[in-house]
Structure formats: C-alpha cells, structure tokens
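Input: a single structure, listed below in structure tokens.
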Amino acid sequence: MLHLACDTHTHTTFSRHAYSTVEENVRAAAELLFELLGVTDHFSPMVHPEVQTGVDLRDYQHFLNFEVWPKTWHGVRLMHGCEADIVDLEGHLYGWDMPVDRGLGGPYAWRDTLQEAVFRDCDYVIASVHAHAWAEGATREQVTQMYIHALEHPKVLILGHIGRSGLDFDVDEVCAAARDLGKLIEINESSLYGRHNTSDRCRHIAKRCMAVGCMVSTGSDAHISHDVARLDHTRELLESMGFSARLVATRDAETFLGVCEAAVAK
Ligand SMILES: [Zn+2]
Ligand SMILES: [Zn+2]
C-alpha cells in the first residue's frame with residue numbers, strides 16, 4: 001500500500017468558507033497518524049474584497065503571526081503557508097500589485113506589497129487557479145507559460161489542483177518545469193470525488209508526472225477537520241497506476257521537508 005504521511009493543503013476558518021481551527025485540523029491529522037500537516041488558507045479575493053483605496057493589513061493578520069505556532073503539535077509537524085490565487089496570464093499571484101498602506105497599528109511604515117507581507121513567513125505557497133475570467137480566450141501556450149511563471153516564484157512549492165482548473169495547457173511542459181525547479185504538482189483529493197470530480201483529468205496528469213519524473217504532493221484540500229488527512233481517492237488513484245513512491249514527496253515528513261528546504265526561498 002502506498003504510504004502517505006503528509007497533508008499539505010488544508011483550510012481553517014480564516015478562509016471563511018471553511019469551518020475548523022488549526023488545532024482541530026492538527027488533531028485530525030494526528031488521529032490518522034499523519035506526520036505532517038500544512039495549513040494553507042486562501043490568499044485570494046475570495047476572502048476579503050479588494051479595496052481600491054489601499055490594502056489594510058488588519059484583514060490578513062492570520063498570515064502575520066505564524067511565529068506563535070508550535071513546530072510540532074500533538075506529534076504532528078505543523079507547517080504554515082497559503083494557497084495564493086494565480087490572477088493573470090503572466091502567472092502573477094494575488095497581492096503582487098497591491099501596496100499596503102495601513103498596518104496593524106496605523107499607517108504602514110514599510111513599502112511592501114500585500115504579497116510580500118503575507119508570503120514573508122510562509123513555509124511554502126500553493127499557487128492555484130480559482131476564478132479565471134481573465135483567462136478567457138487564452139491560448140494553450142499562454143496558459144502553459146502562466147503555470148510555469150507561477151512555479152518560478154521563489155516562495156511557490158506546489159501547483160494546486162491543476163486537474164480541475166478548467167484550463168487547457170501542455171501538461172508535459174508544466175510537469176517538466178516543476179521537475180527542473182524541484183517543485184511539486186499536487187494530487188488534490190477533493191478533485192477526485194463530489195462536485196469537483198475531475199478524476200479522469202487528474203489521472204492523466206498523474207501519469208504524465210510519472211512519465212516526466214516530476215514529484216507530486218498530496219493534499220486533502222480539507223475545508224473542515226473531518227476531511228484532514230483523508231486521502232483515500234488519491235491513494236487509490238496513485239496505486240492503480242503503479243505510481244512510483246520515490247516521486248511522492250509526501251510519503252513521509254522528512255522527504256517533504258527536504259524538498260521544501262531545497263526549493264523554497266526563506
Ligand atoms: Zn476553498
Ligand atoms: Zn484549497
């Protein structure tokens with residue numbers, strides 16, 4: 001049986017359409033004997049409206065106090081990051097063009113963008129496409145380059161749920177870029193059943209990852225603690241195609257931490 005010990009994509013109440021706390025998610029991971037949990041709340045216009053007059057950091061405090069999180073909690077290695085929306089065909093990630101003009105205690109002294117402020121203390125970032133009206137009419141080559149540019153961001157470790165983005169792109173080219181950058185393509189549990197079910201497409205992508213030699217991560221994309229560390233469909237998908245365990249970065253915590261350390265800028 002394929003051993004999976006890390007859930008690298010989960011949400012908490014910060015994401016607003018998710019329902020559990022960090023500790024509830026950690027306990028759920030511990031109960032299923034998982035070694036590592038990544039908490040990756042949405043960094044996206046889904047969570048807070050974009051403000052024309054400037055961005056207020058008080059809406060993003062969740063991402064600004066990670067230093068209080070224990071490194072290990074209930075025996076689980078706890079990592080903190082975010083799932084950032086890809087927002088244009090250049091592969092920019094949310095917040096890249098938003099100057100911050102108010103900090104937690106008044107006018108903001110640094111000249112950061114919102115993205116810099118939020119990414120600073122993230123262990124890693126997942127780059128995902130959610131709404132994509134901006135990609136309407138895009139060519140296959142443009143979407144391919146969009147994903148590659150997103151991967152090239154020094155904080156991005158994982159491309160999230162590319163199987164259900166609804167966009168057409170050159171899967172081999174994106175997988176090869178991930179391989180060459182030492183980064184990961186996600187096999188996303190919530191894309192394999194229920195309303196987001198795109199399992200045929202995900203199977204194709206997993207096959208191409210194996211053919212190209214690109215490593216994958218496994219994420220439940222849980223929006224409630226009940227779903228944390230439940231990766232049954234993912235395990236079944238990978239096992240059914242004889243996916244090489246050597247290419248599964250989430251087979252144990254040590255492997256995932258090593259990949260993250262090598263690929264993501266501090
Ligand atoms: Zn969500
Ligand atoms: Zn997610």
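Ordered as shown in the structure tokens, chains take letters A, B, and onward, while each chain numbers its residues from 1 and ligands are numbered from 1 in the order shown.
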Do you know which residues are within 10 Å of ligand 2 using only C-alpha atoms and all ligand atoms? Can you write them as a short mmCIF file (atom, residue, chain, number, x, y, z; two decimals) with N, CA and C atoms, in the first residue's frame?
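File written: out-v5.cif
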```
data_model
loop_
_atom_site.label_atom_id
_atom_site.label_comp_id
_atom_site.auth_asym_id
_atom_site.auth_seq_id
_atom_site.Cartn_x
_atom_site.Cartn_y
_atom_site.Cartn_z
N THR A 8 -0.68 18.39 2.69
CA THR A 8 -0.02 19.70 2.51
C THR A 8 -0.96 20.80 2.01
N HIS A 9 -2.26 20.54 2.05
CA HIS A 9 -3.23 21.54 1.56
C HIS A 9 -4.50 21.45 2.40
N THR A 10 -4.65 22.37 3.35
CA THR A 10 -5.85 22.38 4.21
C THR A 10 -6.23 23.82 4.55
N HIS A 11 -7.47 24.00 4.92
CA HIS A 11 -8.00 25.33 5.24
C HIS A 11 -8.56 25.39 6.66
N SER A 15 -10.35 31.06 6.05
CA SER A 15 -10.78 31.06 4.65
C SER A 15 -12.27 31.37 4.47
N ALA A 18 -14.55 27.78 5.27
CA ALA A 18 -14.03 26.58 5.94
C ALA A 18 -14.38 26.70 7.42
N VAL A 39 -1.00 23.98 6.70
CA VAL A 39 -2.20 24.81 6.74
C VAL A 39 -2.03 25.92 5.71
N THR A 40 -2.91 25.91 4.72
CA THR A 40 -2.72 26.78 3.55
C THR A 40 -4.02 27.51 3.22
N ASP A 41 -4.33 28.50 4.04
CA ASP A 41 -5.58 29.23 3.80
C ASP A 41 -5.50 30.07 2.53
N HIS A 42 -6.69 30.40 2.04
CA HIS A 42 -6.77 31.17 0.80
C HIS A 42 -6.15 32.55 0.96
N PHE A 43 -5.29 32.88 0.02
CA PHE A 43 -4.82 34.26 -0.13
C PHE A 43 -5.37 34.69 -1.47
N CYS A 82 0.16 29.38 2.44
CA CYS A 82 -1.11 29.86 1.94
C CYS A 82 -1.34 29.27 0.55
N GLU A 83 -2.58 29.34 0.12
CA GLU A 83 -2.94 28.97 -1.24
C GLU A 83 -3.26 30.28 -1.95
N ALA A 84 -2.33 30.71 -2.79
CA ALA A 84 -2.47 32.01 -3.44
C ALA A 84 -3.09 31.83 -4.82
N ASP A 85 -4.04 32.69 -5.14
CA ASP A 85 -4.65 32.66 -6.47
C ASP A 85 -3.67 33.15 -7.53
N ILE A 126 1.13 27.48 -2.15
CA ILE A 126 0.48 26.72 -3.23
C ILE A 126 -0.10 27.75 -4.20
N ALA A 127 0.17 27.61 -5.48
CA ALA A 127 -0.41 28.52 -6.48
C ALA A 127 -1.55 27.79 -7.19
N SER A 128 -2.74 28.38 -7.15
CA SER A 128 -3.92 27.73 -7.73
C SER A 128 -4.72 28.72 -8.57
N HIS A 130 -8.49 29.73 -9.36
CA HIS A 130 -9.90 29.58 -8.96
C HIS A 130 -10.74 30.25 -10.05
N GLY A 160 -1.42 23.93 -7.24
CA GLY A 160 -2.61 23.31 -6.66
C GLY A 160 -3.64 22.92 -7.71
N HIS A 161 -4.28 21.80 -7.46
CA HIS A 161 -5.39 21.26 -8.27
C HIS A 161 -5.42 21.71 -9.74
N ASN A 188 -4.86 16.40 -5.82
CA ASN A 188 -5.80 17.06 -4.91
C ASN A 188 -6.99 16.15 -4.65
N SER A 190 -9.83 16.49 -3.17
CA SER A 190 -11.21 16.97 -3.38
C SER A 190 -11.55 17.08 -4.87
N GLY A 219 -2.72 16.56 -1.17
CA GLY A 219 -3.43 17.49 -0.31
C GLY A 219 -4.91 17.17 -0.29
N SER A 220 -5.48 17.12 0.91
CA SER A 220 -6.93 16.85 1.01
C SER A 220 -7.73 18.04 0.51
N ASP A 221 -7.16 19.26 0.64
CA ASP A 221 -7.92 20.49 0.41
C ASP A 221 -9.11 20.53 1.37
N ALA A 222 -8.91 19.99 2.57
CA ALA A 222 -9.99 19.93 3.56
C ALA A 222 -10.44 21.33 3.95
N HIS A 223 -11.76 21.52 4.00
CA HIS A 223 -12.33 22.77 4.50
C HIS A 223 -13.02 22.55 5.84
#
```
Please identify the helix (DSSP H, G or I) residues within region 71-130 of chain A (assignment by DSSP from backbone atoms) and present them as a list in words. Leu114, Gln115, Glu116, Ala117, Val118 and Phe119 of chain A
Emit the selected residues as a PDB file, in the first residue's frame, including C-alpha atoms.
```pdb
ATOM      1  CA  LEU A 114       0.452  42.755   0.253  1.00  0.00           C
ATOM      2  CA  GLN A 115       2.020  39.686  -1.308  1.00  0.00           C
ATOM      3  CA  GLU A 116       5.438  40.386   0.233  1.00  0.00           C
ATOM      4  CA  ALA A 117       3.885  40.933   3.663  1.00  0.00           C
ATOM      5  CA  VAL A 118       1.871  37.711   3.503  1.00  0.00           C
ATOM      6  CA  PHE A 119       4.498  35.461   1.883  1.00  0.00           C
TER       7      PHE A 119
END
```
Fewer than 2 positions away in the same chain doesn't count, so skip those; otherwise give me all residues within 9 Å of region 26-33 of chain A, counting only C-alpha atoms, as number ranges by chain. A: 5-7, 21-24, 35-37, 73-78, 225-230
Output of the above residues as a JSON list (two decimals), in the first residue's frame, restricted to N, CA and C atoms:
```
[["chain", "number", "residue", "atom", "x", "y", "z"],
["A", 5, "ALA", "N", 1.96, 10.31, 4.32],
["A", 5, "ALA", "CA", 2.06, 10.75, 5.71],
["A", 5, "ALA", "C", 1.94, 12.26, 5.87],
["A", 6, "CYS", "N", 1.71, 12.96, 4.76],
["A", 6, "CYS", "CA", 1.61, 14.43, 4.84],
["A", 6, "CYS", "C", 0.37, 14.89, 4.08],
["A", 7, "ASP", "N", -0.34, 15.82, 4.70],
["A", 7, "ASP", "CA", -1.44, 16.52, 4.04],
["A", 7, "ASP", "C", -1.00, 17.98, 3.91],
["A", 21, "THR", "N", -10.61, 24.92, 13.22],
["A", 21, "THR", "CA", -9.44, 25.68, 13.68],
["A", 21, "THR", "C", -8.16, 24.92, 13.34],
["A", 22, "VAL", "N", -7.03, 25.59, 13.54],
["A", 22, "VAL", "CA", -5.74, 24.95, 13.30],
["A", 22, "VAL", "C", -5.63, 23.70, 14.18],
["A", 23, "GLU", "N", -5.96, 23.84, 15.47],
["A", 23, "GLU", "CA", -5.77, 22.69, 16.36],
["A", 23, "GLU", "C", -6.71, 21.54, 15.99],
["A", 24, "GLU", "N", -7.94, 21.85, 15.60],
["A", 24, "GLU", "CA", -8.84, 20.76, 15.19],
["A", 24, "GLU", "C", -8.26, 20.00, 14.00],
["A", 35, "GLU", "N", 2.21, 12.47, 9.74],
["A", 35, "GLU", "CA", 3.42, 13.05, 10.32],
["A", 35, "GLU", "C", 3.47, 14.57, 10.14],
["A", 36, "LEU", "N", 2.81, 15.07, 9.09],
["A", 36, "LEU", "CA", 2.97, 16.50, 8.75],
["A", 36, "LEU", "C", 1.67, 17.06, 8.21],
["A", 37, "LEU", "N", 1.37, 18.28, 8.66],
["A", 37, "LEU", "CA", 0.18, 18.99, 8.19],
["A", 37, "LEU", "C", 0.59, 20.39, 7.71],
["A", 73, "TRP", "N", 2.94, 19.78, 16.98],
["A", 73, "TRP", "CA", 1.76, 19.89, 17.85],
["A", 73, "TRP", "C", 1.02, 18.55, 17.82],
["A", 74, "HIS", "N", 0.76, 18.01, 18.99],
["A", 74, "HIS", "CA", 0.14, 16.68, 19.09],
["A", 74, "HIS", "C", 0.92, 15.66, 18.23],
["A", 75, "GLY", "N", 2.22, 15.86, 18.18],
["A", 75, "GLY", "CA", 3.08, 14.91, 17.46],
["A", 75, "GLY", "C", 3.14, 15.12, 15.96],
["A", 76, "VAL", "N", 2.47, 16.15, 15.47],
["A", 76, "VAL", "CA", 2.42, 16.40, 14.02],
["A", 76, "VAL", "C", 3.32, 17.60, 13.69],
["A", 77, "ARG", "N", 4.17, 17.46, 12.69],
["A", 77, "ARG", "CA", 4.97, 18.60, 12.22],
["A", 77, "ARG", "C", 4.01, 19.55, 11.52],
["A", 78, "LEU", "N", 3.96, 20.79, 12.02],
["A", 78, "LEU", "CA", 2.96, 21.75, 11.54],
["A", 78, "LEU", "C", 3.64, 22.80, 10.68],
["A", 225, "SER", "N", -12.27, 19.85, 9.57],
["A", 225, "SER", "CA", -11.27, 18.91, 10.11],
["A", 225, "SER", "C", -11.60, 17.46, 9.78],
["A", 226, "HIS", "N", -12.86, 17.15, 9.63],
["A", 226, "HIS", "CA", -13.26, 15.78, 9.28],
["A", 226, "HIS", "C", -12.50, 15.25, 8.05],
["A", 227, "ASP", "N", -12.17, 16.15, 7.13],
["A", 227, "ASP", "CA", -11.55, 15.71, 5.86],
["A", 227, "ASP", "C", -10.02, 15.76, 5.88],
["A", 228, "VAL", "N", -9.46, 16.27, 6.95],
["A", 228, "VAL", "CA", -7.99, 16.38, 7.01],
["A", 228, "VAL", "C", -7.37, 14.98, 7.01],
["A", 229, "ALA", "N", -6.32, 14.83, 6.21],
["A", 229, "ALA", "CA", -5.54, 13.58, 6.14],
["A", 229, "ALA", "C", -6.34, 12.41, 5.55],
["A", 230, "ARG", "N", -7.50, 12.69, 5.02],
["A", 230, "ARG", "CA", -8.24, 11.62, 4.32],
["A", 230, "ARG", "C", -7.88, 11.71, 2.84]]
```
Near Arg102 (chain A), within 7 Å and counting only C-alpha atoms, which residues show up once chain neighbours fewer than 4 positions away are dropped, as a PDB file with C-alpha atoms, in the first residue's frame?
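Heads up, here's the output in selection-v8.pdb:
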```
ATOM      1  CA  VAL A  55      -4.946  47.313   1.445  1.00  0.00           C
ATOM      2  CA  ASP A  56      -5.411  47.094   5.179  1.00  0.00           C
ATOM      3  CA  LEU A  57      -3.110  44.523   6.773  1.00  0.00           C
ATOM      4  CA  GLY A 106      -1.855  52.682  11.881  1.00  0.00           C
ATOM      5  CA  PRO A 107      -0.144  53.927   8.733  1.00  0.00           C
ATOM      6  CA  TYR A 108       2.281  51.316   7.416  1.00  0.00           C
TER       7      TYR A 108
END
```
So the first atom is CA of Cys202 (chain A) and the second is CA of His233 (chain A); what is the distance between them in Å, to one decimal place? 11.1 Å
How would you write, as a PyMOL selection string, the set of residues in region 14-225 of chain A that DSSP gives as strand (DSSP E or B)? chain A and resi 36-43+55-56+72-73+76-86+93+99-103+106-107+113+124-128+156-159+184-188+216-219+222
